[in-house]
>>> print(open('run.tsv').read())   # TSV, C-alpha atoms and all ligand atoms
chain	number	residue	atom	x	y	z
A	183	GLU	CA	-19.37	-37.67	20.85
A	184	LEU	CA	-18.07	-34.42	22.29
A	185	ALA	CA	-14.55	-35.78	22.26
A	186	ALA	CA	-14.93	-36.82	18.62
A	187	GLU	CA	-16.07	-33.33	17.75
A	188	ALA	CA	-13.11	-31.79	19.54
A	189	MET	CA	-10.77	-34.06	17.61
A	190	ALA	CA	-12.31	-33.37	14.18
A	191	PRO	CA	-9.95	-31.45	11.91
A	192	ILE	CA	-10.93	-27.83	11.37
A	193	ALA	CA	-12.36	-27.34	7.88
A	194	PRO	CA	-10.41	-25.14	5.46
A	195	GLY	CA	-11.63	-21.61	4.83
A	196	ARG	CA	-14.36	-21.31	2.24
A	197	LEU	CA	-17.38	-19.27	1.24
A	198	ALA	CA	-20.99	-20.46	1.33
A	199	ASP	CA	-20.74	-21.47	-2.36
A	200	GLY	CA	-17.65	-23.55	-1.73
A	201	THR	CA	-15.13	-21.01	-3.04
A	202	SER	CA	-11.84	-21.72	-1.29
A	203	VAL	CA	-10.28	-18.91	0.77
A	204	PRO	CA	-7.24	-20.34	2.55
A	205	LEU	CA	-6.92	-19.02	6.10
A	206	LEU	CA	-3.31	-18.60	7.11
A	207	ALA	CA	-1.39	-17.49	10.19
A	208	ASN	CA	0.76	-14.45	10.86
A	209	LEU	CA	3.71	-15.60	12.96
A	210	GLY	CA	6.76	-13.90	14.40
A	211	ASP	CA	8.47	-16.90	15.96
A	212	PRO	CA	8.58	-20.61	15.03
A	213	ALA	CA	7.45	-21.35	18.61
A	214	GLY	CA	3.94	-20.23	17.63
A	215	ALA	CA	3.61	-22.76	14.79
A	216	GLU	CA	1.99	-25.66	16.70
A	217	GLU	CA	-0.62	-23.42	18.26
A	218	ALA	CA	-1.45	-21.96	14.83
A	219	VAL	CA	-1.95	-25.47	13.42
A	220	ARG	CA	-4.17	-26.37	16.38
A	221	LEU	CA	-6.31	-23.31	15.65
A	222	GLY	CA	-6.76	-24.41	12.05
A	223	ALA	CA	-4.15	-22.38	10.19
A	224	GLU	CA	-3.82	-23.87	6.70
A	225	GLY	CA	-0.32	-22.50	6.40
A	226	VAL	CA	1.52	-19.27	7.09
A	227	GLY	CA	0.74	-16.09	5.17
A	228	LEU	CA	3.30	-13.91	6.93
A	229	PHE	CA	6.33	-15.01	8.87
A	230	ARG	CA	8.04	-11.89	10.20
A	231	THR	CA	11.77	-12.65	10.35
A	232	GLU	CA	12.70	-9.55	12.34
A	233	PHE	CA	12.56	-11.48	15.64
A	234	LEU	CA	15.77	-13.25	14.62
A	235	PHE	CA	17.54	-9.96	14.06
A	236	LEU	CA	16.25	-7.46	16.58
A	237	GLY	CA	18.68	-6.57	19.31
A	238	SER	CA	21.62	-8.08	17.43
A	239	GLU	CA	24.81	-6.15	16.92
A	240	THR	CA	25.61	-8.45	14.03
A	241	ALA	CA	23.41	-10.31	11.57
A	242	PRO	CA	22.50	-13.80	12.83
A	243	THR	CA	24.58	-16.48	11.18
A	244	GLY	CA	23.18	-18.53	8.33
A	245	ALA	CA	23.19	-21.58	10.60
A	246	VAL	CA	21.03	-19.87	13.23
A	247	GLN	CA	18.63	-18.74	10.55
A	248	GLU	CA	18.44	-22.16	8.90
A	249	GLU	CA	17.54	-23.77	12.20
A	250	ALA	CA	14.74	-21.27	12.87
A	251	TYR	CA	13.31	-21.58	9.34
A	252	GLU	CA	13.50	-25.36	9.43
A	253	ARG	CA	11.61	-25.46	12.71
A	254	LEU	CA	8.88	-23.27	11.22
A	255	LEU	CA	8.64	-25.15	7.91
A	256	ALA	CA	8.60	-28.58	9.58
A	257	ALA	CA	5.31	-27.66	11.27
A	258	PHE	CA	3.59	-27.21	7.89
A	259	PRO	CA	4.23	-30.22	5.64
A	260	GLU	CA	2.62	-29.79	2.20
A	261	ARG	CA	1.40	-26.35	3.30
A	262	LYS	CA	2.16	-22.88	2.03
A	263	VAL	CA	4.54	-20.86	4.22
A	264	VAL	CA	5.23	-17.28	3.18
A	265	VAL	CA	8.41	-15.92	4.72
A	266	ARG	CA	9.02	-12.20	4.65
A	267	VAL	CA	12.61	-11.09	4.39
A	268	LEU	CA	13.88	-8.68	6.96
A	269	ASP	CA	11.72	-5.60	7.42
A	270	ALA	CA	13.96	-3.12	9.21
A	271	GLY	CA	14.16	0.63	9.28
A	272	ALA	CA	14.78	3.50	11.64
A	273	ASP	CA	11.67	2.40	13.59
A	274	LYS	CA	13.08	-1.14	13.94
A	275	PRO	CA	16.79	-0.28	13.88
A	276	LEU	CA	19.43	-2.89	13.20
A	277	ALA	CA	23.00	-1.95	13.95
A	278	PHE	CA	24.42	-4.08	11.13
A	279	LEU	CA	22.21	-2.35	8.57
A	280	GLY	CA	23.82	0.92	9.54
A	281	GLY	CA	20.49	2.50	10.65
A	282	LYS	CA	21.25	6.22	10.80
A	283	HIS	CA	18.90	8.57	12.59
A	284	GLU	CA	16.09	9.61	10.29
A	285	GLU	CA	13.67	12.49	10.71
A	286	ASN	CA	10.81	10.41	9.21
A	287	PRO	CA	11.60	6.73	9.71
A	288	ALA	CA	8.37	5.52	8.10
A	289	LEU	CA	9.47	7.26	4.91
A	290	GLY	CA	13.09	6.29	5.10
A	291	LEU	CA	15.52	3.54	4.31
A	292	ARG	CA	13.43	0.58	5.41
A	293	GLY	CA	12.35	-2.83	4.12
A	294	ILE	CA	13.57	-3.65	0.63
A	295	ARG	CA	15.32	-0.27	0.43
A	296	ALA	CA	17.59	-1.13	3.35
A	297	LEU	CA	18.24	-4.64	2.01
A	298	ARG	CA	19.40	-3.28	-1.32
A	299	ARG	CA	22.03	-1.27	0.53
A	300	THR	CA	23.20	-4.36	2.42
A	301	GLU	CA	22.73	-7.02	-0.21
A	302	PRO	CA	24.85	-9.70	1.52
A	303	VAL	CA	22.34	-9.76	4.41
A	304	LEU	CA	19.50	-10.50	1.97
A	305	ARG	CA	21.53	-13.06	0.01
A	306	GLU	CA	22.39	-14.94	3.20
A	307	GLN	CA	18.77	-14.89	4.34
A	308	LEU	CA	17.57	-16.27	1.00
A	309	ARG	CA	20.27	-18.92	1.01
A	310	ALA	CA	19.38	-20.03	4.55
A	311	LEU	CA	15.69	-20.19	3.67
A	312	ALA	CA	16.30	-22.25	0.52
A	313	ALA	CA	18.52	-24.64	2.50
A	314	ALA	CA	15.85	-25.08	5.19
A	315	ALA	CA	13.19	-25.55	2.52
A	316	SER	CA	15.19	-28.34	0.87
A	317	ARG	CA	15.05	-30.30	4.14
A	318	THR	CA	11.28	-29.98	4.68
A	319	TYR	CA	8.05	-30.53	2.76
A	320	ALA	CA	6.50	-27.08	3.17
A	321	ARG	CA	5.67	-25.09	0.05
A	322	VAL	CA	7.89	-22.11	0.76
A	323	GLU	CA	7.25	-18.68	-0.70
A	324	VAL	CA	9.25	-15.55	0.00
A	325	MET	CA	8.20	-11.92	-0.10
A	326	ALA	CA	9.71	-8.47	0.22
A	327	PRO	CA	8.35	-5.66	2.43
A	328	MET	CA	7.88	-1.98	1.53
A	329	VAL	CA	8.17	-2.38	-2.21
A	330	ALA	CA	7.32	0.89	-3.97
A	331	THR	CA	8.55	0.38	-7.54
A	332	VAL	CA	8.41	-2.23	-10.28
A	333	GLU	CA	12.18	-2.17	-10.42
A	334	GLU	CA	12.42	-3.20	-6.74
A	335	ALA	CA	9.90	-5.99	-7.35
A	336	ALA	CA	11.82	-7.35	-10.34
A	337	TRP	CA	15.14	-7.09	-8.50
A	338	PHE	CA	13.80	-9.04	-5.53
A	339	ALA	CA	12.16	-11.74	-7.67
A	340	GLU	CA	15.42	-12.27	-9.51
A	341	ALA	CA	17.38	-12.52	-6.25
A	342	ALA	CA	14.89	-15.04	-4.78
A	343	HIS	CA	14.60	-17.18	-7.90
A	344	GLY	CA	18.39	-17.12	-8.24
A	345	ALA	CA	18.71	-18.39	-4.68
A	346	GLY	CA	16.53	-21.41	-5.51
A	347	LEU	CA	13.23	-20.07	-4.16
A	348	PRO	CA	10.78	-20.49	-7.06
A	349	VAL	CA	7.87	-18.46	-5.65
A	350	ALA	CA	8.64	-14.81	-4.90
A	351	GLY	CA	6.20	-12.00	-4.23
A	352	VAL	CA	5.90	-8.51	-2.90
A	353	MET	CA	3.96	-6.91	-0.13
A	354	VAL	CA	1.66	-4.13	-1.22
A	355	GLU	CA	1.85	-1.64	1.62
A	356	VAL	CA	2.63	1.57	-0.24
A	357	PRO	CA	-0.05	3.29	-2.37
A	358	ALA	CA	2.38	3.47	-5.30
A	359	ALA	CA	2.56	-0.33	-5.32
A	360	ALA	CA	-1.22	-0.66	-5.23
A	361	LEU	CA	-1.66	1.84	-8.06
A	362	LEU	CA	0.88	-0.02	-10.21
A	363	ALA	CA	-0.25	-3.47	-9.07
A	364	ASP	CA	-0.65	-4.77	-12.65
A	365	ARG	CA	2.97	-3.90	-13.45
A	366	LEU	CA	4.27	-5.18	-10.12
A	367	LEU	CA	2.40	-8.45	-10.43
A	368	ALA	CA	3.77	-8.97	-13.92
A	369	ALA	CA	7.25	-9.01	-12.34
A	370	VAL	CA	6.51	-11.37	-9.42
A	371	ASP	CA	4.54	-14.51	-8.55
A	372	PHE	CA	2.07	-13.07	-6.03
A	373	ALA	CA	1.17	-10.02	-3.95
A	374	SER	CA	0.27	-9.82	-0.28
A	375	ILE	CA	-1.39	-6.66	0.97
A	376	GLY	CA	-0.10	-5.31	4.29
A	377	THR	CA	-3.11	-3.30	5.36
A	378	ASN	CA	-1.38	-1.87	8.44
A	379	ASP	CA	1.19	0.05	6.44
A	380	LEU	CA	-1.07	0.52	3.41
A	381	THR	CA	-3.51	2.35	5.69
A	382	GLN	CA	-0.72	4.38	7.32
A	383	TYR	CA	0.62	5.56	3.97
A	384	THR	CA	-2.75	6.07	2.29
A	385	MET	CA	-4.11	8.15	5.16
A	386	ALA	CA	-0.73	9.78	5.94
A	387	ALA	CA	-1.32	8.78	9.57
A	388	ASP	CA	1.55	7.37	11.64
A	389	ARG	CA	0.46	3.91	12.84
A	390	LEU	CA	2.39	4.43	16.09
A	391	LEU	CA	0.78	7.76	16.96
A	392	GLY	CA	-2.38	7.55	19.06
A	393	ASP	CA	-3.39	11.09	18.11
A	394	VAL	CA	-4.15	9.97	14.55
A	395	ALA	CA	-5.45	6.50	15.40
A	396	GLU	CA	-8.87	7.38	14.01
A	397	LEU	CA	-7.36	7.76	10.54
A	398	GLN	CA	-5.49	4.45	10.85
A	399	ASP	CA	-8.63	2.52	9.89
A	400	PRO	CA	-8.52	-0.01	7.03
A	401	TRP	CA	-12.28	0.39	6.54
A	402	HIS	CA	-11.57	3.76	4.93
A	403	PRO	CA	-12.89	3.57	1.35
A	404	ALA	CA	-9.60	5.06	0.10
A	405	VAL	CA	-7.83	1.98	1.43
A	406	LEU	CA	-10.56	-0.33	0.13
A	407	ARG	CA	-10.26	1.14	-3.38
A	408	LEU	CA	-6.54	0.39	-3.38
A	409	VAL	CA	-7.19	-3.16	-2.20
A	410	GLY	CA	-9.74	-3.51	-5.00
A	411	ALA	CA	-7.22	-2.29	-7.57
A	412	VAL	CA	-4.75	-4.96	-6.47
A	413	GLY	CA	-7.50	-7.61	-6.48
A	414	ASP	CA	-8.49	-6.64	-10.03
A	415	ALA	CA	-4.87	-6.80	-11.20
A	416	GLY	CA	-4.42	-10.22	-9.60
A	417	ALA	CA	-7.57	-11.55	-11.25
A	418	ALA	CA	-6.55	-10.16	-14.65
A	419	LEU	CA	-3.11	-11.78	-14.44
A	420	GLY	CA	-4.22	-14.95	-12.68
A	421	LYS	CA	-1.89	-14.29	-9.72
A	422	PRO	CA	-2.77	-14.68	-6.04
A	423	VAL	CA	-3.45	-11.63	-3.87
A	424	GLY	CA	-3.31	-12.34	-0.16
A	425	ILE	CA	-4.01	-10.07	2.78
A	426	CYS	CA	-1.66	-10.17	5.76
A	427	GLY	CA	-2.47	-6.99	7.68
A	428	GLU	CA	-4.64	-6.88	10.79
A	429	ALA	CA	-7.68	-6.03	8.64
A	430	ALA	CA	-8.02	-9.71	7.72
A	431	ALA	CA	-8.77	-10.51	11.39
A	432	ASP	CA	-12.01	-8.48	11.39
A	433	PRO	CA	-14.68	-10.98	10.22
A	434	LEU	CA	-16.88	-8.48	8.38
A	435	LEU	CA	-13.91	-6.72	6.81
A	436	ALA	CA	-12.56	-10.13	5.79
A	437	VAL	CA	-15.74	-10.63	3.72
A	438	VAL	CA	-15.20	-7.21	2.11
A	439	LEU	CA	-11.56	-8.03	1.32
A	440	VAL	CA	-12.58	-11.29	-0.36
A	441	GLY	CA	-15.24	-9.37	-2.27
A	442	LEU	CA	-12.46	-7.04	-3.46
A	443	GLY	CA	-10.45	-9.95	-4.84
A	444	ALA	CA	-8.33	-11.29	-1.97
A	445	THR	CA	-7.60	-14.98	-2.60
A	446	SER	CA	-6.30	-15.82	0.90
A	447	LEU	CA	-6.33	-14.19	4.34
A	448	SER	CA	-3.57	-14.29	6.94
A	449	MET	CA	-4.04	-13.20	10.54
A	450	SER	CA	-3.19	-13.78	14.18
A	451	PRO	CA	-4.14	-17.42	14.83
A	452	SER	CA	-6.65	-16.40	17.53
A	453	ALA	CA	-8.74	-14.64	14.86
A	454	LEU	CA	-9.03	-17.65	12.52
A	455	ALA	CA	-12.21	-19.16	14.00
A	456	GLY	CA	-14.26	-15.96	13.81
A	457	VAL	CA	-13.23	-15.24	10.22
A	458	ARG	CA	-13.81	-18.87	9.16
A	459	ALA	CA	-17.38	-18.76	10.56
A	460	GLU	CA	-18.22	-15.44	8.90
A	461	LEU	CA	-16.93	-16.42	5.44
A	462	LEU	CA	-19.22	-19.47	5.46
A	463	ARG	CA	-22.23	-17.16	5.62
A	464	HIS	CA	-21.54	-15.49	2.23
A	465	SER	CA	-21.24	-16.61	-1.37
A	466	ALA	CA	-18.67	-14.97	-3.67
A	467	VAL	CA	-21.46	-12.93	-5.29
A	468	GLN	CA	-22.70	-11.78	-1.88
A	469	ALA	CA	-19.18	-10.90	-0.73
A	470	ARG	CA	-18.82	-8.76	-3.85
A	471	ALA	CA	-22.08	-6.97	-2.98
A	472	VAL	CA	-20.92	-6.34	0.60
A	473	ALA	CA	-17.65	-4.95	-0.78
A	474	GLU	CA	-19.54	-2.66	-3.19
A	475	ALA	CA	-21.61	-1.33	-0.29
A	476	ALA	CA	-18.45	-0.48	1.67
A	477	LEU	CA	-16.73	1.05	-1.38
A	478	GLY	CA	-19.68	3.38	-1.89
A	479	ALA	CA	-19.32	4.99	1.55
A	480	ASP	CA	-17.65	8.32	2.35
A	481	GLY	CA	-15.66	7.24	5.38
A	482	ALA	CA	-14.51	4.35	7.54
A	483	ALA	CA	-17.47	4.34	9.94
A	484	SER	CA	-20.05	4.58	7.17
A	485	ALA	CA	-18.27	1.87	5.16
A	486	ARG	CA	-18.49	-0.45	8.14
A	487	SER	CA	-22.18	0.25	8.69
A	488	ALA	CA	-22.94	-0.04	4.96
A	489	ALA	CA	-21.30	-3.48	4.92
A	490	ALA	CA	-23.17	-4.55	8.06
A	491	GLU	CA	-26.43	-3.36	6.53
A	492	ALA	CA	-25.76	-5.19	3.26
A	493	VAL	CA	-25.33	-8.38	5.28
A	494	ALA	CA	-28.42	-7.79	7.45
A	495	LEU	CA	-30.67	-7.00	4.46
A	496	ARG	CA	-30.31	-10.48	3.03
B	1	LIG	C1	1.41	-4.58	7.36
B	1	LIG	O1	2.03	-3.52	7.23
B	1	LIG	O2	0.16	-4.67	7.23
B	1	LIG	C2	2.12	-5.83	7.70
B	1	LIG	C3	1.50	-6.99	7.66
B	1	LIG	O3	3.44	-5.73	8.05
B	1	LIG	P1	3.90	-5.17	9.49
B	1	LIG	O4	2.67	-5.06	10.34
B	1	LIG	O5	4.90	-6.15	9.99
B	1	LIG	O6	4.48	-3.86	9.13
B	2	MG	MG	4.18	-3.57	7.05
>>> encode(input="run.tsv", output="structure tokens")
Amino acid sequence: ELAAEAMAPIAPGRLADGTSVPLLANLGDPAGAEEAVRLGAEGVGLFRTEFLFLGSETAPTGAVQEEAYERLLAAFPERKVVVRVLDAGADKPLAFLGGKHEENPALGLRGIRALRRTEPVLREQLRALAAAASRTYARVEVMAPMVATVEEAAWFAEAAHGAGLPVAGVMVEVPAAALLADRLLAAVDFASIGTNDLTQYTMAADRLLGDVAELQDPWHPAVLRLVGAVGDAGAALGKPVGICGEAAADPLLAVVLVGLGATSLSMSPSALAGVRAELLRHSAVQARAVAEAALGADGAASARSAAAEAVALR
């Protein structure tokens, strides 16, 4: 009996009322794919492609990229796999992108901004991904990091669609993108909120600097309001809004994020079980109430306790 239980497939993510909330994995290397599947990942919500590029003097060849993408995609037949194009900048310097020294790397030529300056690198990455996708059965989606303007979003969607990748989205990790989410979403197929950077830029607190770690807290109601704005825009336009920052790995915060309109959650595979169990304890209406409680707080700590209290009061 025990063995049968151990073998039973892990149920997909859902709320107490049956509302589906796909639980996806954040991965940085195709080698992690099998473990993610074992832990119940229903797909991949963020595949960070930097691992292929870091430390290289030259961009990896299309063939090397195709092989890595194919290995990843083959582990998720019929499943959604969201691949993020190269997210480089002065903090993750890449010689072939010309990374000059910058005084404020977090505010510099990074993500989509760097790719627009070195378009052939992006075109080759999109081509390699489309080629790998054509040889597997995964439902591939592609997204761009650090998008700040509608124009960048539209430019990226056109490049991805033109390369034969029909589903193209943007990460929302800059407050400007969250504030213009309705316009951004009109130009792309989905949004995925990167709460790590969205918190850094909303709170103006360097995510790498321990001295301001207290401000780097996604429970801050300022961050939650921005997440809610993106959720509202997604609902109005009927487009998916995922979460792929570390916030999705905190079970109580995951409930809040769903209450704010997130339609899927992506996290480190080790966090999937805890989030799956917590979501099952709340209906969509209850998740909305927990989110409202957090939104009404003045700070991160009080938002967390307000959400915990809203759960305990039921
Ligand atoms: C984020 O910023 O939340 C994110 C998921 O991207 P990264 O952590 O790779 O910057
Ligand atoms: Mg980021």
>>> closest_residue(input="run.tsv", among="A:Glu216, A:Asp269, A:Asp379, A:Glu333", to="A:Leu362", atoms="all atoms listed in the file")
A:Glu333
>>> atom_distance(input="run.tsv", atom1="atom CA of A:Arg321", atom2="atom CA of A:Gly344")
17.1 Å
>>> closest_residue(input="run.tsv", among="A:Gly351, A:Gly410, A:Gly392, A:Pro327", to="A:Gly271", atoms="all atoms listed in the file")
A:Pro327
>>> closest_residue(input="run.tsv", among="A:Gly413, A:Gly210, A:Gly441, A:Pro191", to="ligand LIG 1 (chain B)", atoms="all atoms listed in the file")
A:Gly210
>>> atom_distance(input="run.tsv", atom1="atom CA of A:Val438", atom2="atom CA of A:Val394")
23.9 Å
>>> residues_near_ligand(input="run.tsv", ligand="ligand MG 2 (chain B)", cutoff="8 Å", atoms="all atoms listed in the file", output="list of chain:residue names")
A:Asp269, A:Pro327, A:Met328, A:Met353, A:Glu355, A:Gly376, A:Thr377, A:Asn378, A:Asp379, A:Leu380, A:Gly427
>>> closest_atom_pairs(input="run.tsv", of="chain A", to="ligand LIG 1 (chain B)", cutoff="10 Å", atoms="all atoms listed in the file", output="JSON lines")
{"residue": "A:Asn208", "atom": "CA", "partner": "B:LIG1", "partner_atom": "C3", "distance": 8.2}
{"residue": "A:Leu209", "atom": "CA", "partner": "B:LIG1", "partner_atom": "O5", "distance": 10.0}
{"residue": "A:Gly210", "atom": "CA", "partner": "B:LIG1", "partner_atom": "O5", "distance": 9.1}
{"residue": "A:Gly227", "atom": "CA", "partner": "B:LIG1", "partner_atom": "C3", "distance": 9.5}
{"residue": "A:Leu228", "atom": "CA", "partner": "B:LIG1", "partner_atom": "C3", "distance": 7.2}
{"residue": "A:Phe229", "atom": "CA", "partner": "B:LIG1", "partner_atom": "O5", "distance": 9.0}
{"residue": "A:Arg230", "atom": "CA", "partner": "B:LIG1", "partner_atom": "O5", "distance": 6.5}
{"residue": "A:Thr231", "atom": "CA", "partner": "B:LIG1", "partner_atom": "O5", "distance": 9.5}
{"residue": "A:Glu232", "atom": "CA", "partner": "B:LIG1", "partner_atom": "O5", "distance": 8.8}
{"residue": "A:Arg266", "atom": "CA", "partner": "B:LIG1", "partner_atom": "O5", "distance": 9.1}
{"residue": "A:Leu268", "atom": "CA", "partner": "B:LIG1", "partner_atom": "O5", "distance": 9.8}
{"residue": "A:Asp269", "atom": "CA", "partner": "B:LIG1", "partner_atom": "O5", "distance": 7.3}
{"residue": "A:Ala270", "atom": "CA", "partner": "B:LIG1", "partner_atom": "O6", "distance": 9.5}
{"residue": "A:Gly293", "atom": "CA", "partner": "B:LIG1", "partner_atom": "O6", "distance": 9.4}
{"residue": "A:Pro327", "atom": "CA", "partner": "B:LIG1", "partner_atom": "O3", "distance": 7.5}
{"residue": "A:Met328", "atom": "CA", "partner": "B:LIG1", "partner_atom": "O1", "distance": 8.3}
{"residue": "A:Met353", "atom": "CA", "partner": "B:LIG1", "partner_atom": "C2", "distance": 8.1}
{"residue": "A:Val354", "atom": "CA", "partner": "B:LIG1", "partner_atom": "O1", "distance": 8.5}
{"residue": "A:Glu355", "atom": "CA", "partner": "B:LIG1", "partner_atom": "O1", "distance": 5.9}
{"residue": "A:Val356", "atom": "CA", "partner": "B:LIG1", "partner_atom": "O1", "distance": 9.1}
{"residue": "A:Ser374", "atom": "CA", "partner": "B:LIG1", "partner_atom": "C3", "distance": 8.5}
{"residue": "A:Ile375", "atom": "CA", "partner": "B:LIG1", "partner_atom": "O2", "distance": 6.7}
{"residue": "A:Gly376", "atom": "CA", "partner": "B:LIG1", "partner_atom": "O2", "distance": 3.0}
{"residue": "A:Thr377", "atom": "CA", "partner": "B:LIG1", "partner_atom": "O2", "distance": 4.0}
{"residue": "A:Asn378", "atom": "CA", "partner": "B:LIG1", "partner_atom": "O2", "distance": 3.4}
{"residue": "A:Asp379", "atom": "CA", "partner": "B:LIG1", "partner_atom": "O1", "distance": 3.8}
{"residue": "A:Leu380", "atom": "CA", "partner": "B:LIG1", "partner_atom": "O1", "distance": 6.4}
{"residue": "A:Thr381", "atom": "CA", "partner": "B:LIG1", "partner_atom": "O2", "distance": 8.1}
{"residue": "A:Gln382", "atom": "CA", "partner": "B:LIG1", "partner_atom": "O1", "distance": 8.4}
{"residue": "A:Tyr383", "atom": "CA", "partner": "B:LIG1", "partner_atom": "O1", "distance": 9.7}
{"residue": "A:Arg389", "atom": "CA", "partner": "B:LIG1", "partner_atom": "O1", "distance": 9.4}
{"residue": "A:Pro400", "atom": "CA", "partner": "B:LIG1", "partner_atom": "O2", "distance": 9.9}
{"residue": "A:Ile425", "atom": "CA", "partner": "B:LIG1", "partner_atom": "C3", "distance": 8.0}
{"residue": "A:Cys426", "atom": "CA", "partner": "B:LIG1", "partner_atom": "C3", "distance": 4.9}
{"residue": "A:Gly427", "atom": "CA", "partner": "B:LIG1", "partner_atom": "O2", "distance": 3.5}
{"residue": "A:Glu428", "atom": "CA", "partner": "B:LIG1", "partner_atom": "O2", "distance": 6.4}
{"residue": "A:Ala429", "atom": "CA", "partner": "B:LIG1", "partner_atom": "O2", "distance": 8.1}
{"residue": "A:Ala430", "atom": "CA", "partner": "B:LIG1", "partner_atom": "O2", "distance": 9.6}
{"residue": "A:Ser448", "atom": "CA", "partner": "B:LIG1", "partner_atom": "C3", "distance": 8.9}
{"residue": "A:Met449", "atom": "CA", "partner": "B:LIG1", "partner_atom": "C3", "distance": 8.8}
>>> atom_distance(input="run.tsv", atom1="atom CA of A:Ala494", atom2="atom CA of A:Ala476")
13.6 Å
>>> axis_aligned_box(input="run.tsv", around="stretch 228-233 of chain A", padding_each_side="3 Å", output="JSON")
{"center_x": 8.0, "center_y": -12.3, "center_z": 11.3, "size_x": 15.4, "size_y": 11.5, "size_z": 14.7}
>>> closest_residue(input="run.tsv", among="A:Tyr319, A:Ala471, A:Ser450, A:Leu311", to="A:Ala215", atoms="only C-alpha atoms")
A:Ser450
>>> closest_residue(input="run.tsv", among="A:Ala386, A:Ala257, A:Gln307, A:Ser238", to="A:Ala288", atoms="only C-alpha atoms")
A:Ala386
>>> residues_near_point(input="run.tsv", point="(6.0, -2.8, -8.9)", cutoff="8 Å", atoms="all atoms listed in the file", output="PyMOL selection string")
chain A and resi 329-336+359+362-367+369
>>> closest_residue(input="run.tsv", among="A:His343, A:Lys262, A:Arg253, A:Arg196", to="A:Val437", atoms="all atoms listed in the file")
A:Arg196
>>> residues_around(input="run.tsv", residues="A:Tyr251", least_positions_apart="3", cutoff="8 Å", atoms="only C-alpha atoms", output="ChimeraX atom specification")
/A:212,247-248,254-255,310-311,314-315
>>> residues_around(input="run.tsv", residues="A:Val303", least_positions_apart="2", cutoff="12 Å", atoms="only C-alpha atoms", output="list of chain:residue names")
A:Phe235, A:Thr240, A:Ala241, A:Pro242, A:Thr243, A:Gly244, A:Gln247, A:Val267, A:Leu268, A:Asp269, A:Ala270, A:Leu276, A:Phe278, A:Leu279, A:Gly280, A:Ile294, A:Ala296, A:Leu297, A:Arg298, A:Arg299, A:Thr300, A:Glu301, A:Arg305, A:Glu306, A:Gln307, A:Leu308, A:Arg309, A:Ala310
>>> residues_near_point(input="run.tsv", point="(-16.2, 4.0, -2.8)", cutoff="12 Å", atoms="only C-alpha atoms", output="ChimeraX atom specification")
/A:401-411,442,472-482,484-485,488-489
